[in-house]
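Listing of final-v4.tsv, TSV, C-alpha atoms and all ligand atoms
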chain	number	residue	atom	x	y	z
Z	1	MET	CA	-52.55	35.85	27.60
Z	2	ALA	CA	-52.84	39.59	28.33
Z	3	GLU	CA	-50.96	41.00	31.29
Z	4	GLU	CA	-53.22	41.98	34.19
Z	5	LYS	CA	-52.07	45.57	34.56
Z	6	ILE	CA	-54.09	48.20	32.73
Z	7	GLU	CA	-51.93	51.18	31.80
Z	8	ASN	CA	-53.35	54.69	31.99
Z	9	VAL	CA	-51.20	55.99	29.16
Z	10	VAL	CA	-49.02	54.15	26.68
Z	11	ILE	CA	-46.79	56.49	24.68
Z	12	ILE	CA	-45.45	55.09	21.43
Z	13	GLY	CA	-42.31	56.85	20.19
Z	14	SER	CA	-39.34	58.56	21.73
Z	15	GLY	CA	-38.73	61.82	19.90
Z	16	PRO	CA	-39.43	65.24	21.41
Z	17	ALA	CA	-43.20	64.59	21.26
Z	18	GLY	CA	-43.01	61.24	23.07
Z	19	TRP	CA	-40.68	62.40	25.84
Z	20	THR	CA	-42.59	65.62	26.42
Z	21	ALA	CA	-45.84	63.65	26.64
Z	22	ALA	CA	-44.12	61.34	29.13
Z	23	VAL	CA	-42.91	64.20	31.34
Z	24	TYR	CA	-46.38	65.73	31.46
Z	25	ALA	CA	-48.17	62.41	31.99
Z	26	ALA	CA	-45.72	61.34	34.68
Z	27	ARG	CA	-46.01	64.63	36.54
Z	28	ALA	CA	-49.79	64.21	36.37
Z	29	GLN	CA	-49.20	60.89	38.19
Z	30	LEU	CA	-50.53	58.81	35.32
Z	31	ASP	CA	-47.56	56.44	35.59
Z	32	PRO	CA	-46.92	56.36	31.82
Z	33	VAL	CA	-45.00	53.74	29.92
Z	34	VAL	CA	-43.03	54.71	26.80
Z	35	PHE	CA	-42.34	52.20	24.03
Z	36	GLU	CA	-39.25	53.91	22.69
Z	37	GLY	CA	-38.81	51.60	19.73
Z	38	ALA	CA	-36.39	48.83	18.89
Z	39	PRO	CA	-33.20	49.98	17.16
Z	40	SER	CA	-33.06	49.07	13.49
Z	41	ARG	CA	-31.09	50.19	10.44
Z	42	GLU	CA	-33.60	52.92	9.59
Z	43	MET	CA	-34.91	53.84	13.01
Z	44	ILE	CA	-33.28	54.37	16.35
Z	45	PRO	CA	-34.95	55.38	19.59
Z	46	GLY	CA	-34.90	59.16	19.89
Z	47	GLY	CA	-36.23	59.93	16.43
Z	48	GLN	CA	-34.93	62.30	13.78
Z	49	LEU	CA	-32.82	64.38	16.18
Z	50	MET	CA	-30.55	61.40	16.72
Z	51	PHE	CA	-29.34	62.07	13.17
Z	52	THR	CA	-28.79	65.78	13.79
Z	53	THR	CA	-25.44	66.98	15.01
Z	54	GLU	CA	-26.08	70.57	16.02
Z	55	VAL	CA	-29.51	71.87	17.02
Z	56	GLU	CA	-29.42	75.66	17.10
Z	57	ASN	CA	-33.12	76.47	17.16
Z	58	TYR	CA	-34.33	74.61	20.25
Z	59	PRO	CA	-35.12	77.25	22.86
Z	60	GLY	CA	-33.01	77.29	26.00
Z	61	PHE	CA	-29.68	76.41	24.38
Z	62	PRO	CA	-28.04	79.68	23.33
Z	63	GLU	CA	-24.88	77.88	22.22
Z	64	GLY	CA	-26.81	75.12	20.40
Z	65	VAL	CA	-27.04	71.52	21.52
Z	66	ASP	CA	-26.09	68.17	20.05
Z	67	GLY	CA	-29.23	66.39	18.79
Z	68	GLN	CA	-28.43	63.12	20.57
Z	69	ALA	CA	-27.57	64.94	23.80
Z	70	LEU	CA	-30.90	66.78	23.64
Z	71	MET	CA	-32.80	63.52	23.24
Z	72	MET	CA	-30.87	61.87	26.07
Z	73	SER	CA	-31.74	64.83	28.31
Z	74	MET	CA	-35.42	64.55	27.43
Z	75	ARG	CA	-35.32	60.82	28.14
Z	76	ALA	CA	-33.59	61.42	31.49
Z	77	GLN	CA	-36.18	64.04	32.38
Z	78	ALA	CA	-38.98	61.55	31.72
Z	79	GLU	CA	-37.16	58.92	33.82
Z	80	ARG	CA	-36.73	61.38	36.66
Z	81	PHE	CA	-40.51	61.25	37.13
Z	82	ASP	CA	-40.50	57.44	37.02
Z	83	THR	CA	-41.63	56.95	33.43
Z	84	ARG	CA	-41.17	53.30	32.52
Z	85	ILE	CA	-39.34	52.75	29.25
Z	86	VAL	CA	-39.54	49.66	27.04
Z	87	THR	CA	-37.09	49.35	24.14
Z	88	GLU	CA	-39.54	47.65	21.81
Z	89	ASP	CA	-41.87	48.70	18.98
Z	90	ILE	CA	-45.62	48.58	19.21
Z	91	VAL	CA	-46.61	46.62	16.14
Z	92	GLU	CA	-50.37	46.31	16.66
Z	93	VAL	CA	-53.14	48.35	18.24
Z	94	ASP	CA	-56.62	46.87	18.59
Z	95	PRO	CA	-58.99	49.83	18.83
Z	96	SER	CA	-62.11	47.69	19.22
Z	97	SER	CA	-61.35	46.50	22.72
Z	98	ARG	CA	-61.52	48.73	25.80
Z	99	PRO	CA	-59.05	49.08	27.34
Z	100	PHE	CA	-57.07	49.00	24.09
Z	101	LEU	CA	-54.99	45.93	23.40
Z	102	LEU	CA	-51.49	46.60	22.11
Z	103	ARG	CA	-48.86	44.12	21.00
Z	104	SER	CA	-45.12	44.77	21.00
Z	105	SER	CA	-42.38	43.53	18.68
Z	106	GLU	CA	-41.39	41.03	21.39
Z	107	GLY	CA	-44.92	39.67	21.56
Z	108	ARG	CA	-45.78	41.48	24.79
Z	109	GLU	CA	-49.48	42.33	25.22
Z	110	ILE	CA	-50.39	45.58	26.89
Z	111	ARG	CA	-53.75	46.92	27.98
Z	112	ALA	CA	-54.12	50.70	27.90
Z	113	ARG	CA	-56.88	53.18	28.70
Z	114	THR	CA	-55.27	55.79	26.46
Z	115	VAL	CA	-52.57	55.74	23.79
Z	116	ILE	CA	-50.41	58.60	22.57
Z	117	VAL	CA	-48.92	57.96	19.14
Z	118	ALA	CA	-45.66	59.87	18.68
Z	119	THR	CA	-43.82	57.69	16.19
Z	120	GLY	CA	-42.74	60.56	13.94
Z	121	ALA	CA	-41.93	60.57	10.27
Z	122	ARG	CA	-38.68	59.74	8.59
Z	123	ALA	CA	-37.14	61.83	5.86
Z	124	ASN	CA	-36.84	60.06	2.54
Z	125	TRP	CA	-33.30	59.60	1.23
Z	126	LEU	CA	-31.98	58.80	-2.20
Z	127	GLY	CA	-30.34	55.65	-0.89
Z	128	LEU	CA	-26.80	56.51	-1.97
Z	129	GLU	CA	-23.98	55.07	0.11
Z	130	ASN	CA	-22.11	58.26	0.97
Z	131	GLU	CA	-25.34	60.16	1.53
Z	132	GLU	CA	-26.30	58.16	4.60
Z	133	ARG	CA	-22.76	58.12	6.04
Z	134	LEU	CA	-22.23	61.87	5.68
Z	135	ALA	CA	-25.73	62.65	6.98
Z	136	GLN	CA	-25.03	60.70	10.16
Z	137	THR	CA	-21.62	62.23	10.81
Z	138	GLY	CA	-22.47	65.88	10.22
Z	139	GLY	CA	-20.68	65.76	6.88
Z	140	GLY	CA	-22.76	68.38	5.10
Z	141	VAL	CA	-25.69	66.19	4.01
Z	142	SER	CA	-29.03	66.96	5.58
Z	143	ALA	CA	-32.76	66.44	5.11
Z	144	CYS	CA	-33.66	69.62	6.98
Z	145	ALA	CA	-32.40	72.98	5.78
Z	146	VAL	CA	-34.23	74.84	8.53
Z	147	CYS	CA	-32.40	72.70	11.13
Z	148	ASP	CA	-28.93	72.75	9.61
Z	149	GLY	CA	-28.72	75.45	6.94
Z	150	ALA	CA	-27.45	78.21	9.24
Z	151	LEU	CA	-24.41	76.22	10.35
Z	152	PRO	CA	-21.12	78.02	9.64
Z	153	ALA	CA	-19.92	75.26	7.28
Z	154	PHE	CA	-22.59	76.22	4.74
Z	155	ARG	CA	-21.85	79.96	4.61
Z	156	ASP	CA	-20.95	81.29	1.17
Z	157	GLN	CA	-21.00	77.79	-0.32
Z	158	VAL	CA	-22.72	76.41	-3.38
Z	159	LEU	CA	-25.50	74.26	-1.91
Z	160	ALA	CA	-27.61	71.68	-3.72
Z	161	VAL	CA	-31.25	70.94	-2.92
Z	162	VAL	CA	-32.83	67.79	-4.36
Z	163	GLY	CA	-36.58	67.76	-5.02
Z	164	GLY	CA	-39.31	69.65	-6.80
Z	165	GLY	CA	-42.03	70.02	-4.15
Z	166	ASP	CA	-42.88	72.81	-1.75
Z	167	SER	CA	-40.21	71.64	0.69
Z	168	ALA	CA	-37.50	71.93	-1.94
Z	169	MET	CA	-38.68	75.44	-2.85
Z	170	GLU	CA	-38.86	76.48	0.78
Z	171	GLU	CA	-35.49	75.00	1.66
Z	172	ALA	CA	-33.78	76.46	-1.40
Z	173	THR	CA	-35.20	79.91	-0.69
Z	174	TYR	CA	-34.22	79.64	2.98
Z	175	LEU	CA	-30.67	78.60	2.09
Z	176	THR	CA	-30.13	81.71	-0.06
Z	177	LYS	CA	-29.68	83.60	3.21
Z	178	PHE	CA	-26.38	81.85	3.74
Z	179	ALA	CA	-25.27	80.32	0.45
Z	180	ARG	CA	-23.36	81.84	-2.45
Z	181	GLU	CA	-25.59	79.90	-4.82
Z	182	VAL	CA	-28.34	77.29	-4.46
Z	183	VAL	CA	-28.79	74.66	-7.16
Z	184	ILE	CA	-32.10	72.79	-7.19
Z	185	VAL	CA	-31.68	69.35	-8.73
Z	186	HIS	CA	-34.98	67.99	-10.00
Z	187	ARG	CA	-35.63	64.75	-11.82
Z	188	ARG	CA	-38.34	66.15	-14.10
Z	189	ASP	CA	-38.87	69.27	-16.24
Z	190	ALA	CA	-41.58	70.76	-14.01
Z	191	PHE	CA	-41.99	71.35	-10.30
Z	192	ARG	CA	-44.81	69.82	-8.32
Z	193	ALA	CA	-44.56	72.72	-5.87
Z	194	SER	CA	-47.37	75.28	-5.61
Z	195	PRO	CA	-46.97	78.01	-8.26
Z	196	ILE	CA	-46.34	80.76	-5.72
Z	197	MET	CA	-43.48	78.90	-4.04
Z	198	ALA	CA	-42.04	77.71	-7.33
Z	199	THR	CA	-42.09	81.25	-8.73
Z	200	ARG	CA	-40.42	82.65	-5.63
Z	201	ALA	CA	-37.61	80.14	-6.03
Z	202	LEU	CA	-37.30	80.49	-9.80
Z	203	GLU	CA	-37.12	84.27	-9.64
Z	204	HIS	CA	-34.51	84.33	-6.89
Z	205	PRO	CA	-31.19	85.57	-8.26
Z	206	LYS	CA	-29.19	83.08	-6.17
Z	207	ILE	CA	-31.18	80.01	-7.27
Z	208	ARG	CA	-30.75	78.02	-10.45
Z	209	VAL	CA	-32.28	74.68	-11.45
Z	210	GLU	CA	-30.82	71.54	-12.96
Z	211	TRP	CA	-33.89	70.09	-14.70
Z	212	ASN	CA	-34.24	66.44	-15.71
Z	213	THR	CA	-31.32	65.59	-13.49
Z	214	VAL	CA	-30.71	63.03	-10.77
Z	215	VAL	CA	-27.92	62.66	-8.21
Z	216	THR	CA	-26.10	59.37	-8.69
Z	217	GLU	CA	-23.25	59.81	-6.20
Z	218	VAL	CA	-22.28	61.96	-3.24
Z	219	LEU	CA	-18.59	62.87	-3.25
Z	220	GLY	CA	-16.37	63.63	-0.24
Z	221	GLU	CA	-14.59	61.80	2.58
Z	222	ASP	CA	-15.38	63.67	5.81
Z	223	PHE	CA	-17.50	66.41	4.26
Z	224	VAL	CA	-19.38	66.61	1.00
Z	225	THR	CA	-17.32	68.17	-1.78
Z	226	GLY	CA	-19.55	67.52	-4.76
Z	227	ILE	CA	-22.27	65.43	-6.36
Z	228	ARG	CA	-22.34	63.38	-9.52
Z	229	LEU	CA	-25.30	64.29	-11.70
Z	230	GLN	CA	-26.95	62.40	-14.51
Z	231	ASP	CA	-29.14	63.91	-17.21
Z	232	THR	CA	-32.26	61.72	-17.34
Z	233	GLU	CA	-32.71	62.31	-21.07
Z	234	SER	CA	-29.19	62.01	-22.50
Z	235	GLY	CA	-27.77	59.82	-19.73
Z	236	GLU	CA	-24.75	62.17	-19.62
Z	237	GLU	CA	-22.92	62.35	-16.30
Z	238	ARG	CA	-20.91	65.19	-14.75
Z	239	GLU	CA	-19.75	66.47	-11.39
Z	240	LEU	CA	-20.95	69.56	-9.58
Z	241	GLU	CA	-18.84	70.99	-6.76
Z	242	VAL	CA	-21.01	71.71	-3.72
Z	243	GLY	CA	-20.37	72.49	-0.07
Z	244	GLY	CA	-23.65	71.04	1.15
Z	245	LEU	CA	-26.43	68.73	0.00
Z	246	PHE	CA	-30.03	69.02	1.19
Z	247	LEU	CA	-32.62	66.37	0.44
Z	248	ALA	CA	-36.23	67.49	0.13
Z	249	ILE	CA	-37.83	64.45	-1.44
Z	250	GLY	CA	-40.62	63.98	1.07
Z	251	HIS	CA	-41.17	62.23	4.38
Z	252	THR	CA	-42.80	58.95	5.32
Z	253	PRO	CA	-44.83	58.88	8.54
Z	254	ASN	CA	-44.23	55.84	10.74
Z	255	THR	CA	-47.84	54.69	10.73
Z	256	ALA	CA	-47.79	51.28	9.02
Z	257	PHE	CA	-49.08	49.71	12.25
Z	258	LEU	CA	-51.99	52.18	12.40
Z	259	LYS	CA	-53.62	51.39	9.05
Z	260	GLY	CA	-57.25	50.56	9.75
Z	261	VAL	CA	-56.84	51.66	13.38
Z	262	VAL	CA	-57.18	55.45	13.22
Z	263	GLU	CA	-57.95	57.65	10.23
Z	264	LEU	CA	-54.87	58.58	8.21
Z	265	ASP	CA	-54.60	61.08	5.38
Z	266	GLU	CA	-53.61	59.95	1.89
Z	267	SER	CA	-49.91	60.26	2.75
Z	268	GLY	CA	-50.30	58.20	5.92
Z	269	TYR	CA	-50.24	60.99	8.51
Z	270	VAL	CA	-52.58	60.58	11.49
Z	271	LEU	CA	-55.58	62.89	11.23
Z	272	THR	CA	-56.46	64.99	14.28
Z	273	PRO	CA	-59.69	66.52	13.01
Z	274	THR	CA	-60.29	69.13	15.73
Z	275	PRO	CA	-57.98	72.15	15.43
Z	276	TRP	CA	-55.70	72.60	18.44
Z	277	ARG	CA	-56.53	69.16	19.80
Z	278	THR	CA	-54.58	65.92	19.52
Z	279	ALA	CA	-57.57	63.55	19.53
Z	280	THR	CA	-57.65	61.13	16.59
Z	281	SER	CA	-60.69	59.45	15.02
Z	282	VAL	CA	-60.69	56.94	17.92
Z	283	ASP	CA	-61.63	58.21	21.37
Z	284	GLY	CA	-58.73	57.64	23.74
Z	285	ILE	CA	-56.03	57.56	21.05
Z	286	PHE	CA	-54.08	60.80	20.67
Z	287	ALA	CA	-51.30	61.78	18.28
Z	288	ALA	CA	-48.41	64.19	18.67
Z	289	GLY	CA	-45.37	65.35	16.73
Z	290	ASP	CA	-44.40	64.71	13.13
Z	291	VAL	CA	-46.71	61.70	12.83
Z	292	MET	CA	-49.64	64.16	12.74
Z	293	ASP	CA	-47.83	67.22	11.40
Z	294	ASP	CA	-46.34	67.31	7.92
Z	295	TYR	CA	-46.27	71.09	7.95
Z	296	TYR	CA	-44.05	72.44	10.76
Z	297	ARG	CA	-41.99	69.31	11.51
Z	298	GLN	CA	-39.81	71.00	14.13
Z	299	ALA	CA	-38.54	69.56	17.41
Z	300	VAL	CA	-40.11	72.38	19.35
Z	301	THR	CA	-43.53	71.99	17.72
Z	302	ALA	CA	-43.34	68.23	18.29
Z	303	ALA	CA	-42.59	68.85	21.97
Z	304	GLY	CA	-45.53	71.27	22.10
Z	305	THR	CA	-47.99	68.76	20.68
Z	306	GLY	CA	-46.55	66.09	23.01
Z	307	CYS	CA	-47.51	68.29	25.93
Z	308	MET	CA	-50.97	68.81	24.41
Z	309	ALA	CA	-51.48	65.06	23.93
Z	310	ALA	CA	-50.62	64.31	27.56
Z	311	LEU	CA	-53.04	66.99	28.76
Z	312	ASP	CA	-55.71	65.69	26.38
Z	313	ALA	CA	-55.18	62.12	27.64
Z	314	GLU	CA	-55.31	63.28	31.25
Z	315	ARG	CA	-58.60	65.10	30.63
Z	316	TYR	CA	-60.00	62.13	28.74
Z	317	LEU	CA	-59.17	59.82	31.65
Z	318	ALA	CA	-60.82	62.20	34.10
Z	319	HIS	CA	-63.84	63.32	32.12
Z	320	GLY	CA	-64.31	61.16	29.00
Z	321	ALA	CA	-64.21	62.00	25.33
Z	322	ASP	CA	-66.36	65.13	25.43
Z	323	ALA	CA	-64.35	66.88	28.11
Z	324	GLU	CA	-63.36	70.44	27.31
Z	325	VAL	CA	-61.97	71.33	30.70
Z	326	GLY	CA	-61.36	75.00	31.31
Z	327	VAL	CA	-63.42	76.17	28.36
Z	328	GLU	CA	-66.59	77.78	29.63
Z	329	VAL	CA	-68.95	78.91	26.90
Z	330	PRO	CA	-71.46	81.40	28.34
Z	331	ALA	CA	-75.08	80.61	27.47
Z	332	GLU	CA	-75.85	84.31	26.95
Z	333	PRO	CA	-73.48	86.90	25.50
Z	334	ALA	CA	-71.89	88.98	28.27
Z	335	PRO	CA	-73.46	92.45	28.63
Z	336	ALA	CA	-71.46	95.09	26.79
Z	337	GLY	CA	-69.80	98.05	28.49
Z	338	PRO	CA	-69.35	98.89	32.18
Z	401	LIG	P1	-43.57	66.22	-2.10
Z	401	LIG	O1	-44.61	67.22	-2.45
Z	401	LIG	O2	-43.94	64.80	-2.06
Z	401	LIG	O3	-42.38	66.44	-3.14
Z	401	LIG	C1	-41.30	65.58	-3.17
Z	401	LIG	C2	-40.42	65.94	-4.34
Z	401	LIG	O4	-39.28	65.10	-4.33
Z	401	LIG	C3	-41.11	65.76	-5.70
Z	401	LIG	O5	-40.78	66.82	-6.56
Z	401	LIG	C4	-40.53	64.44	-6.21
Z	401	LIG	O6	-40.36	64.43	-7.60
Z	401	LIG	C5	-39.17	64.44	-5.58
Z	401	LIG	N1	-38.68	63.09	-5.33
Z	401	LIG	C6	-39.30	62.11	-4.61
Z	401	LIG	N2	-38.54	61.01	-4.58
Z	401	LIG	C7	-37.43	61.31	-5.29
Z	401	LIG	C8	-36.27	60.56	-5.63
Z	401	LIG	N3	-36.09	59.32	-5.22
Z	401	LIG	N4	-35.33	61.18	-6.38
Z	401	LIG	C9	-35.47	62.45	-6.81
Z	401	LIG	N5	-36.55	63.20	-6.51
Z	401	LIG	C10	-37.52	62.62	-5.78
Z	401	LIG	O7	-42.91	66.51	-0.65
Z	401	LIG	P2	-42.69	67.92	0.09
Z	401	LIG	O8	-42.14	68.93	-0.82
Z	401	LIG	O9	-41.93	67.56	1.33
Z	401	LIG	O10	-44.16	68.35	0.51
Z	401	LIG	C11	-44.97	67.49	1.32
Z	401	LIG	C12	-46.27	68.22	1.67
Z	401	LIG	O11	-45.99	69.31	2.54
Z	401	LIG	C13	-46.93	68.82	0.42
Z	401	LIG	O12	-48.32	68.72	0.59
Z	401	LIG	C14	-46.51	70.26	0.45
Z	401	LIG	O13	-47.43	71.13	-0.19
Z	401	LIG	C15	-46.44	70.52	1.96
Z	401	LIG	N6	-45.49	71.62	2.24
Z	401	LIG	C16	-45.98	72.90	2.29
Z	401	LIG	C17	-45.11	73.94	2.53
Z	401	LIG	C18	-45.63	75.32	2.60
Z	401	LIG	O14	-46.73	75.56	2.13
Z	401	LIG	N7	-44.92	76.25	3.17
Z	401	LIG	C19	-43.74	73.71	2.72
Z	401	LIG	C20	-43.28	72.39	2.66
Z	401	LIG	C21	-44.16	71.35	2.41
Z	401	LIG	P3	-41.63	64.35	-8.61
Z	401	LIG	O15	-42.23	65.70	-8.59
Z	401	LIG	O16	-41.02	63.96	-9.91
Z	401	LIG	O17	-42.54	63.30	-8.04
As structure tokens, what does this structure read like?
Ligand code: NAP
Amino acid sequence: MAEEKIENVVIIGSGPAGWTAAVYAARAQLDPVVFEGAPSREMIPGGQLMFTTEVENYPGFPEGVDGQALMMSMRAQAERFDTRIVTEDIVEVDPSSRPFLLRSSEGREIRARTVIVATGARANWLGLENEERLAQTGGGVSACAVCDGALPAFRDQVLAVVGGGDSAMEEATYLTKFAREVVIVHRRDAFRASPIMATRALEHPKIRVEWNTVVTEVLGEDFVTGIRLQDTESGEERELEVGGLFLAIGHTPNTAFLKGVVELDESGYVLTPTPWRTATSVDGIFAAGDVMDDYYRQAVTAAGTGCMAALDAERYLAHGADAEVGVEVPAEPAPAGP
């Protein structure tokens, strides 16, 4: 039996996009509710930044800020404006009913006039024991070179980047600013990256590639000291001393519950077809943050699109799907000159 209350805005996800959407929606007096997600082994409320120790590129924190502290501050800011928070997942969205019918992991049914999806994407990991432990404790293993590469611990070190796509090329090239040497470890004998990015990496004097090679073990107690490599052709194993390990083996958007609900691209990211808008293929459902952005993937861009989604939802509630508030297109071109 559905609960009687019809929510104006249900925000799904609790990373920078979700909390920013909540702050904007709450200040617009939409009385939002955030489903921040149920903690699990892979996911914890707060998103990717909960796994980041030091965030140095979020504006407003000249000394840097701890990722978890930043997320707790965003959560507190949303609560300050009376955002309601439910520590459950949304596991089902029925787009055919209006208001939308949502179901949570605890079996709760929610009716909502608008939905903002901000469930993010999770970095893929190799699944090695030490990898996960050291990534969570700031031990020199990271899935985001742009976030972590400039940390003092990585200066003048030999750094390894795993992957052969554009991200690996970009991260390896970025890391050359700080590293003594960058070693790309790739499981095949050819990159999947675009030729221009691959060439830039291959021609860089600080970058070399270990082809046909996989990482089988991450070495180090408190901080990574090396990786064990295996040649995929000969099976031969050896150790490589490194002072940092960066994974660039792709991301997986958290959209399993949205299949058949809104249009997704072939990798599962939510499509927002109109540039500079957060509307999805279903009127009244908006998307923000990494779940709709596999390109920038930064906390600050996620927060920006969270703001946009809340404004888009507010305008949709006030004016319907075709609202373009504030954009006046003159019927006739304005006369030129004074
Ligand atoms: P991707 O293109 O999916 O590449 C992932 C890479 O990781 C592949 O080389 C893959 O190897 C490797 N890999 C996957 N699982 C692995 C495993 N378990 N062990 C070892 N290696 C593994 O992902 P991406 O590089 O993050 O790029 C995602 C999208 O974003 C792409 O469309 C890309 O063009 C775009 N992007 C663009 C830019 C840019 O233009 N500036 C920058 C970053 C990303 P195989 O090749 O053998 O499959």
With all atoms listed in the file counted, collect every polymer residue having an atom within 8 Å of ligand LIG 401 (chain Z); state the result as a compact mmCIF listing (two decimals) with C-alpha atoms, keeping the file's coordinate frame.
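Output saved as out-v5.txt:
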# COMPACT_ATOMS: atom_id res chain seq x y z
CA ASN Z 124 -36.84 60.06 2.54
CA TRP Z 125 -33.30 59.60 1.23
CA LEU Z 126 -31.98 58.80 -2.20
CA VAL Z 162 -32.83 67.79 -4.36
CA GLY Z 163 -36.58 67.76 -5.02
CA GLY Z 164 -39.31 69.65 -6.80
CA GLY Z 165 -42.03 70.02 -4.15
CA ASP Z 166 -42.88 72.81 -1.75
CA SER Z 167 -40.21 71.64 0.69
CA ALA Z 168 -37.50 71.93 -1.94
CA MET Z 169 -38.68 75.44 -2.85
CA GLU Z 170 -38.86 76.48 0.78
CA HIS Z 186 -34.98 67.99 -10.00
CA ARG Z 187 -35.63 64.75 -11.82
CA ARG Z 188 -38.34 66.15 -14.10
CA ALA Z 190 -41.58 70.76 -14.01
CA PHE Z 191 -41.99 71.35 -10.30
CA ARG Z 192 -44.81 69.82 -8.32
CA ALA Z 193 -44.56 72.72 -5.87
CA SER Z 194 -47.37 75.28 -5.61
CA MET Z 197 -43.48 78.90 -4.04
CA VAL Z 214 -30.71 63.03 -10.77
CA VAL Z 215 -27.92 62.66 -8.21
CA ALA Z 248 -36.23 67.49 0.13
CA ILE Z 249 -37.83 64.45 -1.44
CA GLY Z 250 -40.62 63.98 1.07
CA HIS Z 251 -41.17 62.23 4.38
CA ASP Z 294 -46.34 67.31 7.92
CA TYR Z 295 -46.27 71.09 7.95
Fill in: Long-range neighbours of stretch 61-73 of chain Z as a PyMOL selection string, 10 Å cut-off, only C-alpha atoms, 5 positions minimum in chain
chain Z and resi 14-16+19+45-56+78-79+299
Worksheet entry | Best match for closeness to Z:Arg208 among Z:Leu240, Z:Ala153, Z:Ala121, Z:Ala172, counting all atoms listed in the file | Z:Ala172
Discussion item. List as a PyMOL selection string the protein and nucleic acid residues near Z:Thr272, meaning an atom at most 10 Å away when only C-alpha atoms are counted, but skip any in the same chain fewer than 5 places from it.
Written reply: chain Z and resi 262-265+277-282+286-288+292-293
Selection file, C-alpha atoms, as a PDB file, in the frame of the given file:
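The file below, selection_10.pdb, is the result:
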ATOM      1  CA  VAL Z 262     -57.180  55.450  13.220  1.00  0.00           C
ATOM      2  CA  GLU Z 263     -57.950  57.650  10.230  1.00  0.00           C
ATOM      3  CA  LEU Z 264     -54.870  58.580   8.210  1.00  0.00           C
ATOM      4  CA  ASP Z 265     -54.600  61.080   5.380  1.00  0.00           C
ATOM      5  CA  ARG Z 277     -56.530  69.160  19.800  1.00  0.00           C
ATOM      6  CA  THR Z 278     -54.580  65.920  19.520  1.00  0.00           C
ATOM      7  CA  ALA Z 279     -57.570  63.550  19.530  1.00  0.00           C
ATOM      8  CA  THR Z 280     -57.650  61.130  16.590  1.00  0.00           C
ATOM      9  CA  SER Z 281     -60.690  59.450  15.020  1.00  0.00           C
ATOM     10  CA  VAL Z 282     -60.690  56.940  17.920  1.00  0.00           C
ATOM     11  CA  PHE Z 286     -54.080  60.800  20.670  1.00  0.00           C
ATOM     12  CA  ALA Z 287     -51.300  61.780  18.280  1.00  0.00           C
ATOM     13  CA  ALA Z 288     -48.410  64.190  18.670  1.00  0.00           C
ATOM     14  CA  MET Z 292     -49.640  64.160  12.740  1.00  0.00           C
ATOM     15  CA  ASP Z 293     -47.830  67.220  11.400  1.00  0.00           C
TER      16      ASP Z 293
END
Fill in: For Z:Ala160: contacts at 10 Å, only C-alpha atoms, fewer than 5 positions along chain excluded, given as an NGL selection string
:Z and (141 or 172 or 175 or 179 or 181-185 or 207-210 or 226-227 or 240-247)
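Closest approach to Z:Tyr296 among Z:Ile11, Z:Ala256, Z:Cys147, Z:Leu134 is made by Z:Cys147 (distances from all atoms listed in the file).
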Discussion item. Using only C-alpha atoms for the distances, tell me which of Z:Asp189, Z:Glu221, Z:Asp156, Z:Asp94 is nearest to Z:Lys177.
Written reply: Z:Asp156
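In terms of minimum interatomic distance to Z:Ala143, Z:Val161 ranks closest within Z:Val161, Z:Val115, Z:Val261, Z:Ala318, counting all atoms listed in the file.
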